[in-house]
file coords_35.txt (compact mmCIF, C-alpha atoms)
# COMPACT_ATOMS: atom_id res chain seq x y z
CA MET A 1 12.33 0.14 -0.35
CA PRO A 2 13.56 -3.15 -1.73
CA TRP A 3 12.19 -4.23 -5.08
CA PHE A 4 10.32 -7.48 -4.61
CA PRO A 5 9.97 -9.79 -7.61
CA GLU A 6 6.34 -10.15 -6.51
CA PHE A 7 5.77 -6.58 -7.74
CA ALA A 8 5.66 -8.07 -11.19
CA SER A 9 2.51 -10.00 -10.32
CA ALA A 10 0.69 -6.68 -10.20
CA ALA A 11 2.08 -5.79 -13.60
CA GLU A 12 1.04 -9.18 -14.94
CA MET A 13 -2.55 -8.69 -13.77
CA VAL A 14 -2.64 -5.28 -15.43
CA ARG A 15 -1.24 -6.77 -18.62
CA ARG A 16 -4.03 -9.32 -18.70
CA GLN A 17 -6.46 -6.44 -19.00
CA THR A 18 -4.70 -4.77 -21.95
CA ARG A 19 -4.77 -5.82 -25.58
CA ILE A 20 -1.46 -7.18 -26.83
CA GLU A 21 -1.26 -7.96 -30.51
CA GLY A 22 1.49 -9.95 -32.13
CA ARG A 23 3.77 -9.92 -29.09
CA THR A 24 5.03 -12.52 -26.65
CA ASP A 25 4.22 -12.06 -22.99
CA PRO A 26 5.85 -8.70 -22.10
CA VAL A 27 5.77 -9.50 -18.39
CA ARG A 28 8.01 -12.51 -18.94
CA GLN A 29 10.34 -10.29 -20.97
CA TYR A 30 10.26 -7.70 -18.20
CA LEU A 31 11.20 -10.22 -15.50
CA THR A 32 14.00 -11.58 -17.68
CA ALA A 33 15.32 -8.07 -18.17
CA LEU A 34 15.29 -7.44 -14.43
CA ASN A 35 17.07 -10.71 -13.68
CA ARG A 36 19.76 -10.02 -16.28
CA GLY A 37 20.06 -6.29 -15.55
CA ASP A 38 19.65 -5.58 -19.26
CA SER A 39 18.45 -2.02 -19.74
CA GLY A 40 18.08 -2.58 -23.49
CA ALA A 41 15.58 -5.35 -22.86
CA LEU A 42 13.68 -3.08 -20.46
CA GLU A 43 13.43 -0.47 -23.20
CA ASP A 44 11.95 -3.10 -25.53
CA VAL A 45 9.35 -4.34 -23.02
CA TRP A 46 8.35 -0.92 -21.69
CA PRO A 47 9.02 1.51 -24.57
CA GLY A 48 7.03 4.21 -22.81
CA HIS A 49 7.57 5.22 -19.18
CA VAL A 50 8.47 3.11 -16.15
CA VAL A 51 7.97 4.95 -12.86
CA VAL A 52 8.21 3.73 -9.25
CA TYR A 53 7.08 5.83 -6.30
CA ASP A 54 8.78 4.43 -3.23
CA PRO A 55 8.79 5.73 0.38
CA HIS A 56 12.54 5.23 0.73
CA ALA A 57 13.95 5.83 -2.75
CA GLY A 58 11.43 8.49 -3.75
CA GLU A 59 10.57 8.74 -7.43
CA VAL A 60 12.38 6.29 -9.68
CA ARG A 61 11.83 7.22 -13.29
CA GLY A 62 13.17 5.65 -16.45
CA HIS A 63 14.88 2.39 -17.22
CA ARG A 64 18.36 3.34 -16.04
CA GLN A 65 17.18 4.49 -12.62
CA LEU A 66 14.96 1.43 -12.33
CA GLN A 67 17.87 -0.86 -13.07
CA GLN A 68 19.96 0.77 -10.34
CA PHE A 69 17.04 0.62 -7.93
CA VAL A 70 16.49 -3.09 -8.60
CA ARG A 71 20.15 -3.96 -8.11
CA ARG A 72 20.42 -2.10 -4.79
CA SER A 73 17.16 -3.55 -3.56
CA GLN A 74 17.99 -7.13 -4.47
CA ALA A 75 21.31 -6.79 -2.63
CA ALA A 76 19.53 -5.38 0.44
CA LEU A 77 16.98 -8.22 0.44
CA ALA A 78 19.73 -10.82 0.20
CA GLU A 79 21.61 -9.22 3.07
CA ARG A 80 18.49 -9.38 5.24
CA HIS A 81 17.67 -12.98 4.17
CA ALA A 82 14.23 -11.86 3.08
CA ARG A 83 11.35 -14.23 2.46
CA VAL A 84 8.24 -12.70 0.88
CA GLU A 85 4.62 -13.89 0.90
CA THR A 86 1.87 -12.58 -1.34
CA MET A 87 -1.12 -12.08 0.97
CA ALA A 88 -3.73 -10.75 -1.47
CA SER A 89 -3.97 -9.43 -5.01
CA TRP A 90 -6.70 -8.18 -7.32
CA VAL A 91 -7.18 -6.17 -10.49
CA VAL A 92 -9.83 -3.70 -11.56
CA GLY A 93 -9.55 -2.18 -15.02
CA ASP A 94 -6.04 -0.85 -15.59
CA ARG A 95 -5.03 -0.95 -11.94
CA ALA A 96 -3.85 -3.84 -9.75
CA VAL A 97 -3.11 -4.12 -6.03
CA VAL A 98 -0.79 -6.59 -4.32
CA GLU A 99 -0.30 -7.00 -0.56
CA LEU A 100 2.99 -8.54 0.55
CA LEU A 101 4.42 -9.65 3.88
CA ALA A 102 8.21 -9.72 3.98
CA HIS A 103 9.98 -11.71 6.69
CA LEU A 104 13.43 -10.22 7.22
CA ALA A 105 15.86 -8.73 9.71
CA ASP A 106 15.58 -5.08 10.72
CA ASP A 107 18.52 -2.74 11.33
CA ALA A 108 18.99 -4.24 14.80
CA GLY A 109 19.11 -7.77 13.43
CA GLN A 110 15.69 -8.73 14.81
CA GLN A 111 13.32 -10.76 12.65
CA ILE A 112 10.21 -8.82 11.67
CA ALA A 113 7.16 -9.26 9.47
CA TRP A 114 7.03 -6.17 7.25
CA PRO A 115 3.76 -5.35 5.43
CA VAL A 116 4.02 -3.77 1.99
CA ALA A 117 1.30 -2.77 -0.47
CA VAL A 118 1.91 -2.08 -4.14
CA VAL A 119 -0.38 -0.55 -6.73
CA ALA A 120 0.46 -1.00 -10.42
CA GLU A 121 -1.31 1.15 -12.98
CA SER A 122 -1.04 1.09 -16.76
CA SER A 123 -3.40 2.71 -19.23
CA ASP A 124 -1.74 0.98 -22.20
CA ASP A 125 0.85 -1.71 -22.90
CA ARG A 126 3.75 0.74 -23.18
CA SER A 127 4.07 2.33 -19.74
CA ILE A 128 3.52 1.37 -16.12
CA VAL A 129 3.58 3.10 -12.76
CA PHE A 130 4.23 1.33 -9.44
CA ARG A 131 3.22 2.99 -6.16
CA SER A 132 4.50 1.21 -3.06
CA TYR A 133 3.33 1.90 0.48
CA PHE A 134 4.82 0.82 3.81
CA SER A 135 6.05 2.14 7.14
CA ARG A 136 9.76 2.85 7.29
CA ARG A 137 9.42 2.86 11.09
CA SER A 138 9.34 -0.94 10.90
CA MET A 139 12.93 -0.85 9.67
CA ASP A 140 14.64 2.09 11.40
CA GLY A 141 12.30 2.99 14.29
CA GLN A 142 11.55 6.46 12.91
CA ARG A 143 8.58 8.13 11.28
CA HIS A 144 9.13 9.74 7.89
CA VAL A 145 6.87 12.33 6.29
CA ARG A 146 5.93 11.16 2.80
CA SER A 147 4.67 13.80 0.41
CA PRO A 148 1.54 13.12 -1.65
CA ILE A 149 1.87 11.02 -4.79
CA LEU A 150 -1.63 11.55 -6.15
CA GLU A 151 -4.09 14.41 -6.12
CA ARG A 152 -7.63 14.19 -4.86
CA ARG A 153 -9.92 12.52 -7.37
CA PRO A 154 -13.72 12.52 -7.57
CA GLY A 155 -15.54 9.47 -6.28
CA HIS A 156 -15.71 7.74 -2.96
CA PRO A 157 -16.37 4.16 -1.90
CA GLY A 158 -19.92 3.54 -0.75
CA ASP A 159 -21.47 0.93 1.56
CA VAL A 160 -19.57 -0.01 4.70
CA ILE A 161 -16.34 1.68 3.61
CA GLY A 162 -18.09 4.99 3.12
CA ARG A 163 -19.58 4.67 6.60
CA TYR A 164 -16.15 3.79 7.97
CA GLU A 165 -14.55 6.88 6.42
CA ALA A 166 -17.34 9.13 7.70
CA ALA A 167 -16.98 7.77 11.26
CA LEU A 168 -13.19 8.09 11.06
CA ALA A 169 -13.41 11.75 10.02
CA ALA A 170 -16.00 12.48 12.71
CA GLY A 171 -13.99 10.79 15.45
CA ASP A 172 -16.96 8.58 16.34
CA ALA A 173 -15.54 5.39 17.84
CA GLU A 174 -18.91 3.67 18.29
CA ALA A 175 -19.98 4.34 14.70
CA LEU A 176 -16.61 3.07 13.55
CA LEU A 177 -17.06 -0.11 15.57
CA ARG A 178 -20.39 -0.76 13.86
CA THR A 179 -18.63 -1.05 10.52
CA PHE A 180 -16.61 -4.08 11.69
CA ALA A 181 -17.73 -7.68 11.91
CA PRO A 182 -17.60 -9.09 15.48
CA ASP A 183 -14.23 -10.73 14.82
CA GLY A 184 -12.98 -8.05 12.44
CA TYR A 185 -9.58 -6.47 12.89
CA TYR A 186 -7.57 -3.31 12.22
CA ARG A 187 -3.86 -3.58 11.51
CA GLU A 188 -1.61 -0.58 11.98
CA PRO A 189 1.16 0.25 9.49
CA ALA A 190 3.94 -0.89 11.85
CA GLY A 191 3.10 -4.57 11.31
CA THR A 192 1.32 -7.66 12.48
CA HIS A 193 2.13 -7.09 16.16
CA TYR A 194 -0.04 -3.96 16.00
CA THR A 195 -3.31 -5.70 15.20
CA HIS A 196 -6.53 -4.96 17.09
CA ARG A 197 -9.20 -7.64 16.80
CA GLY A 198 -12.71 -7.82 18.19
CA ARG A 199 -14.97 -5.14 19.64
CA ALA A 200 -13.12 -4.60 22.92
CA GLU A 201 -9.68 -4.14 21.35
CA LEU A 202 -11.03 -2.00 18.53
CA ARG A 203 -12.98 0.25 20.90
CA SER A 204 -9.92 0.84 23.06
CA PHE A 205 -7.73 1.54 20.04
CA PHE A 206 -10.14 3.93 18.30
CA ARG A 207 -10.82 5.85 21.49
CA LEU A 208 -7.07 6.35 21.84
CA CYS A 209 -6.84 7.47 18.20
CA PHE A 210 -9.56 10.06 18.76
CA SER A 211 -8.05 11.38 21.99
CA ALA A 212 -6.18 14.02 19.96
CA GLY A 213 -9.33 16.14 19.76
CA GLY A 214 -11.33 14.57 16.94
CA GLY A 215 -11.23 12.33 13.92
CA ILE A 216 -8.78 11.57 11.14
CA VAL A 217 -9.36 13.34 7.83
CA LEU A 218 -8.26 11.58 4.65
CA GLU A 219 -8.35 12.92 1.11
CA ASN A 220 -9.22 10.06 -1.24
CA CYS A 221 -7.12 9.88 -4.39
CA ALA A 222 -7.75 6.48 -6.03
CA VAL A 223 -10.12 3.62 -5.26
CA THR A 224 -9.55 0.05 -6.51
CA ASP A 225 -12.57 -2.05 -5.54
CA ASP A 226 -13.41 -5.59 -6.66
CA SER A 227 -16.37 -5.93 -4.26
CA MET A 228 -14.42 -8.10 -1.80
CA HIS A 229 -11.28 -5.97 -1.41
CA CYS A 230 -11.12 -2.21 -1.63
CA ALA A 231 -7.88 -0.23 -1.71
CA VAL A 232 -8.11 3.51 -1.09
CA GLU A 233 -5.02 5.57 -1.81
CA TYR A 234 -5.19 8.79 0.18
CA ASN A 235 -3.47 11.82 1.61
CA CYS A 236 -3.81 12.21 5.37
CA LEU A 237 -4.57 15.87 6.12
CA ARG A 238 -5.64 16.13 9.73
CA TRP A 239 -5.58 14.12 12.97
CA GLY A 240 -7.87 15.43 15.67
CA SER A 241 -7.15 19.10 16.26
CA HIS A 242 -3.78 18.84 14.50
CA ASP A 243 -3.31 19.83 10.87
CA LEU A 244 -0.68 17.62 9.24
CA PRO A 245 1.52 18.08 6.22
CA PRO A 246 -0.36 16.04 3.59
CA GLN A 247 1.06 12.52 3.60
CA ALA A 248 0.47 9.64 1.19
CA GLY A 249 -0.85 6.27 2.30
CA ILE A 250 -3.19 3.45 1.42
CA ALA A 251 -5.91 1.66 3.36
CA ILE A 252 -7.05 -1.79 2.30
CA TYR A 253 -10.45 -3.02 3.40
CA GLU A 254 -11.74 -6.57 3.24
CA ARG A 255 -15.49 -7.13 3.35
CA GLY A 256 -16.95 -10.12 5.13
CA PRO A 257 -20.00 -12.16 4.01
CA ASP A 258 -22.23 -10.04 6.25
CA GLY A 259 -21.21 -6.85 4.43
CA LEU A 260 -19.19 -5.58 7.37
CA LEU A 261 -15.43 -5.15 7.53
CA ALA A 262 -13.49 -8.31 8.17
CA ALA A 263 -10.26 -6.33 8.08
CA ALA A 264 -8.76 -2.88 7.63
CA ARG A 265 -5.03 -2.73 6.92
CA VAL A 266 -3.20 0.59 6.72
CA TYR A 267 0.13 1.38 5.05
CA ASP A 268 1.58 4.81 5.80
CA ASP A 269 4.07 6.55 8.07
CA VAL A 270 1.83 9.21 9.61
CA ASP A 271 3.00 10.16 13.11
CA PRO A 272 -0.11 10.26 15.35
CA PRO A 273 -0.25 13.23 17.76
CA ILE A 274 -1.22 10.92 20.61
CA GLY A 275 0.59 8.90 23.27
CA HIS A 276 0.60 5.69 21.26
CA ASP A 277 3.70 3.92 19.98
call {"tool": "encode", "arguments": {"input": "coords_35.txt", "output": "structure tokens"}}
result
Amino acid sequence: MPWFPEFASAAEMVRRQTRIEGRTDPVRQYLTALNRGDSGALEDVWPGHVVVYDPHAGEVRGHRQLQQFVRRSQAALAERHARVETMASWVVGDRAVVELLAHLADDAGQQIAWPVAVVAESSDDRSIVFRSYFSRRSMDGQRHVRSPILERRPGHPGDVIGRYEAALAAGDAEALLRTFAPDGYYREPAGTHYTHRGRAELRSFFRLCFSAGGGIVLENCAVTDDSMHCAVEYNCLRWGSHDLPPQAGIAIYERGPDGLLAAARVYDDVDPPIGHD
């Protein structure tokens, strides 16, 4: 997974929620350290722990590994002539979420729009953890099993998102449809070309999803909800009648003014046991 400079916007939002006494902006110091490749500066800005959980690179822990990760990623982005847009961002407490859309060339040289979600979490001003989510299939055409990052935590989203999750687990396409606004959409992990908008498209898609013998069971791990956007980090455990190796992902929901879902965007690499590509 390439390191996007936009990741730092998540860190900056987290920093705004923490108390910093007698120090200059540590985010600016952090970005300067990344640009210069100065591991000593990284140690000064983040004297605790710096951890990145990435679908491609795995767990990147510590300043030296982070520096190597950043250098490789920046080179890869330059090679693919990447251009990155920040689509949405929000912060709740000590956790921030950023959605990105990268425009770049895949392994075959074709231009693609690659969705990426990043969660940044810091309980103090010494350490930070980044968790990135995306489908590697967008880049190499293959599905990759991603082991869980987080464990199940108490608490579930309520309102329309709770109803959505219940309908998803039950495999009830009509109940799922009722959680979406008339022009609402669902975007699959593979990218913007796999977007299903409106009741007819959503009904057809959800019926196909549930053709594997039932619903999709997710284990919620972390919820970041600012009342308009809600990000749910999860482990996918079951799809229809098929038990799956637990796999990490994130779903991001956007509520409309009517309280229904204007959008549901999913970032994972779960291989559905159905005839859908």
call {"tool": "residues_near_point", "arguments": {"input": "coords_35.txt", "point": "(2.0, 12.0, 2.1)", "cutoff": "7 Å", "atoms": "only C-alpha atoms", "output": "list in words"}}
result
Val145, Arg146, Ser147, Pro148, Ile149, Asn235, Cys236, Pro246, Gln247, Ala248 and Gly249 of chain A
call {"tool": "atom_distance", "arguments": {"input": "coords_35.txt", "atom1": "atom CA of A:Asp106", "atom2": "atom CA of A:His56"}}
result
14.7 Å
call {"tool": "closest_residue", "arguments": {"input": "coords_35.txt", "among": "A:Ile128, A:Val50, A:Ala75, A:Leu176", "to": "A:Ile216", "atoms": "all atoms listed in the file"}}
result
A:Leu176
call {"tool": "atom_distance", "arguments": {"input": "coords_35.txt", "atom1": "atom CA of A:Ala166", "atom2": "atom CA of A:Glu219"}}
result
11.8 Å
call {"tool": "residues_near_point", "arguments": {"input": "coords_35.txt", "point": "(-15.0, -8.6, 6.5)", "cutoff": "12 Å", "atoms": "only C-alpha atoms", "output": "count of residues only"}}
result
30
call {"tool": "closest_residue", "arguments": {"input": "coords_35.txt", "among": "A:Val60, A:Cys209, A:Leu104, A:Ala231", "to": "A:Ile250", "atoms": "all atoms listed in the file"}}
result
A:Ala231
call {"tool": "closest_residue", "arguments": {"input": "coords_35.txt", "among": "A:Ile274, A:Gln142, A:Phe130, A:Phe205", "to": "A:Leu66", "atoms": "only C-alpha atoms"}}
result
A:Phe130
call {"tool": "residues_around", "arguments": {"input": "coords_35.txt", "residues": "A:Ala82", "least_positions_apart": "6", "cutoff": "9 Å", "atoms": "all atoms listed in the file", "output": "list in words"}}
result
Ala76, Ala102, His103, Leu104 and Ala105 of chain A
call {"tool": "axis_aligned_box", "arguments": {"input": "coords_35.txt", "around": "stretch 164-167 of chain A", "padding_each_side": "5 Å", "output": "lines of an AutoDock Vina configuration file"}}
result
center_x = -15.9
center_y = 6.5
center_z = 8.8
size_x = 12.8
size_y = 15.3
size_z = 14.8
call {"tool": "closest_residue", "arguments": {"input": "coords_35.txt", "among": "A:Pro154, A:Gly109, A:Pro47, A:Pro115", "to": "A:Val223", "atoms": "all atoms listed in the file"}}
result
A:Pro154
call {"tool": "closest_residue", "arguments": {"input": "coords_35.txt", "among": "A:Leu244, A:Val266, A:Ser211, A:Arg143", "to": "A:Thr195", "atoms": "all atoms listed in the file"}}
result
A:Val266
call {"tool": "closest_residue", "arguments": {"input": "coords_35.txt", "among": "A:Val118, A:Gly48, A:Gln111, A:Arg71", "to": "A:Thr224", "atoms": "only C-alpha atoms"}}
result
A:Val118
call {"tool": "atom_distance", "arguments": {"input": "coords_35.txt", "atom1": "atom CA of A:Phe206", "atom2": "atom CA of A:Ala173"}}
result
5.6 Å
call {"tool": "residues_around", "arguments": {"input": "coords_35.txt", "residues": "A:Gly213", "least_positions_apart": "3", "cutoff": "7 Å", "atoms": "all atoms listed in the file", "output": "list of chain:residue names"}}
result
A:Phe210, A:Gly240, A:Ser241
call {"tool": "residues_around", "arguments": {"input": "coords_35.txt", "residues": "A:His49", "least_positions_apart": "6", "cutoff": "8 Å", "atoms": "all atoms listed in the file", "output": "JSON, numbers by chain"}}
result
{"A": [61, 62, 126, 127, 128, 129]}
call {"tool": "decode", "arguments": {"input": "coords_35.txt", "residues": "stretch 213-229 of chain A", "atoms": "N, CA and C atoms", "output": "CSV table (one decimal), in the first residue's frame"}}
result
chain,number,residue,atom,x,y,z
A,213,GLY,N,-26.9,-18.5,0.1
A,213,GLY,CA,-27.5,-19.2,1.2
A,213,GLY,C,-27.8,-18.5,2.5
A,214,GLY,N,-27.8,-17.1,2.4
A,214,GLY,CA,-28.1,-16.3,3.6
A,214,GLY,C,-27.3,-15.0,3.6
A,215,GLY,N,-27.3,-14.4,4.8
A,215,GLY,CA,-26.7,-13.1,4.9
A,215,GLY,C,-25.2,-13.1,5.1
A,216,ILE,N,-24.7,-11.9,5.4
A,216,ILE,CA,-23.3,-11.6,5.6
A,216,ILE,C,-23.1,-11.2,7.1
A,217,VAL,N,-22.3,-12.0,7.8
A,217,VAL,CA,-22.1,-11.7,9.2
A,217,VAL,C,-20.8,-11.0,9.5
A,218,LEU,N,-20.9,-9.8,10.1
A,218,LEU,CA,-19.8,-9.0,10.4
A,218,LEU,C,-19.6,-8.9,11.9
A,219,GLU,N,-18.4,-8.9,12.4
A,219,GLU,CA,-18.1,-8.7,13.8
A,219,GLU,C,-17.6,-7.3,14.0
A,220,ASN,N,-18.3,-6.4,14.6
A,220,ASN,CA,-17.9,-5.0,14.7
A,220,ASN,C,-16.8,-4.9,15.7
A,221,CYS,N,-15.8,-4.0,15.3
A,221,CYS,CA,-14.6,-3.8,16.2
A,221,CYS,C,-14.4,-2.4,16.6
A,222,ALA,N,-14.8,-1.4,15.8
A,222,ALA,CA,-14.6,0.0,16.2
A,222,ALA,C,-15.6,0.8,15.4
A,223,VAL,N,-16.3,1.7,16.0
A,223,VAL,CA,-17.2,2.6,15.4
A,223,VAL,C,-16.8,4.1,15.6
A,224,THR,N,-16.7,4.8,14.5
A,224,THR,CA,-16.4,6.2,14.5
A,224,THR,C,-17.5,7.0,13.8
A,225,ASP,N,-18.3,7.6,14.6
A,225,ASP,CA,-19.6,8.2,14.1
A,225,ASP,C,-19.7,9.6,14.5
A,226,ASP,N,-19.9,10.5,13.5
A,226,ASP,CA,-20.1,11.9,13.8
A,226,ASP,C,-21.5,12.4,13.5
A,227,SER,N,-22.4,11.5,13.4
A,227,SER,CA,-23.8,11.7,13.1
A,227,SER,C,-24.1,11.8,11.6
A,228,MET,N,-23.2,12.3,10.8
A,228,MET,CA,-23.4,12.3,9.4
A,228,MET,C,-22.7,11.1,8.7
A,229,HIS,N,-21.4,10.9,9.1
A,229,HIS,CA,-20.7,9.7,8.6
A,229,HIS,C,-20.5,8.7,9.8
